[in-house]
Amino acid sequence: MNTLVTWTLKQEDGTTYLHLEQTGFEKEDQAFNGAKHGWAKMGEELKKVLEEM
């Protein structure tokens with residue numbers, strides 16, 4: 001399976017926003033749901049790290 005992860009940073013009014021998109025899934029199967037869960041978890045971890053900076 002080939003997927004593509006794209007990270008986009010956007011700065012607006014002194015705030016930086018991160019958008020993450022992973023494409024290439026053919027259907028919403030176990031791989032799709034695993035990636036969805038994994039990215040949500042990692043996003044929360046990233047938020048914690050950034051808050052400590």
# chains A, B, ... in the order shown; residues from 1 in each chain; ligands from 1
$ residues_around --residues "Gly24 (chain A)" --least-positions-apart "4" --cutoff "8 Å" --atoms "only C-alpha atoms" --output "PyMOL selection string"
chain A and resi 1-4
$ residues_around --residues "Val5 (chain A)" --least-positions-apart "5" --cutoff "10 Å" --atoms "only C-alpha atoms" --output "list in words"
Leu20, Glu21, Gln22, Thr23 and Gly24 of chain A
$ select_by_dssp --residues "chain A" --states "alpha helix (DSSP H)" --output "list in words"
Gln30, Ala31, Phe32, Asn33, Gly34, Ala35, Lys36, His37, Gly38, Trp39, Ala40, Lys41, Met42, Gly43, Glu44, Glu45, Leu46, Lys47, Lys48, Val49, Leu50 and Glu51 of chain A
$ select_by_dssp --residues "chain A" --states "strand (DSSP E)" --output "list in words"
Leu4, Val5, Thr6, Trp7, Thr8, Leu9, Lys10, Gln11, Glu12, Thr15, Thr16, Tyr17, Leu18, His19, Leu20, Glu21, Gln22 and Thr23 of chain A
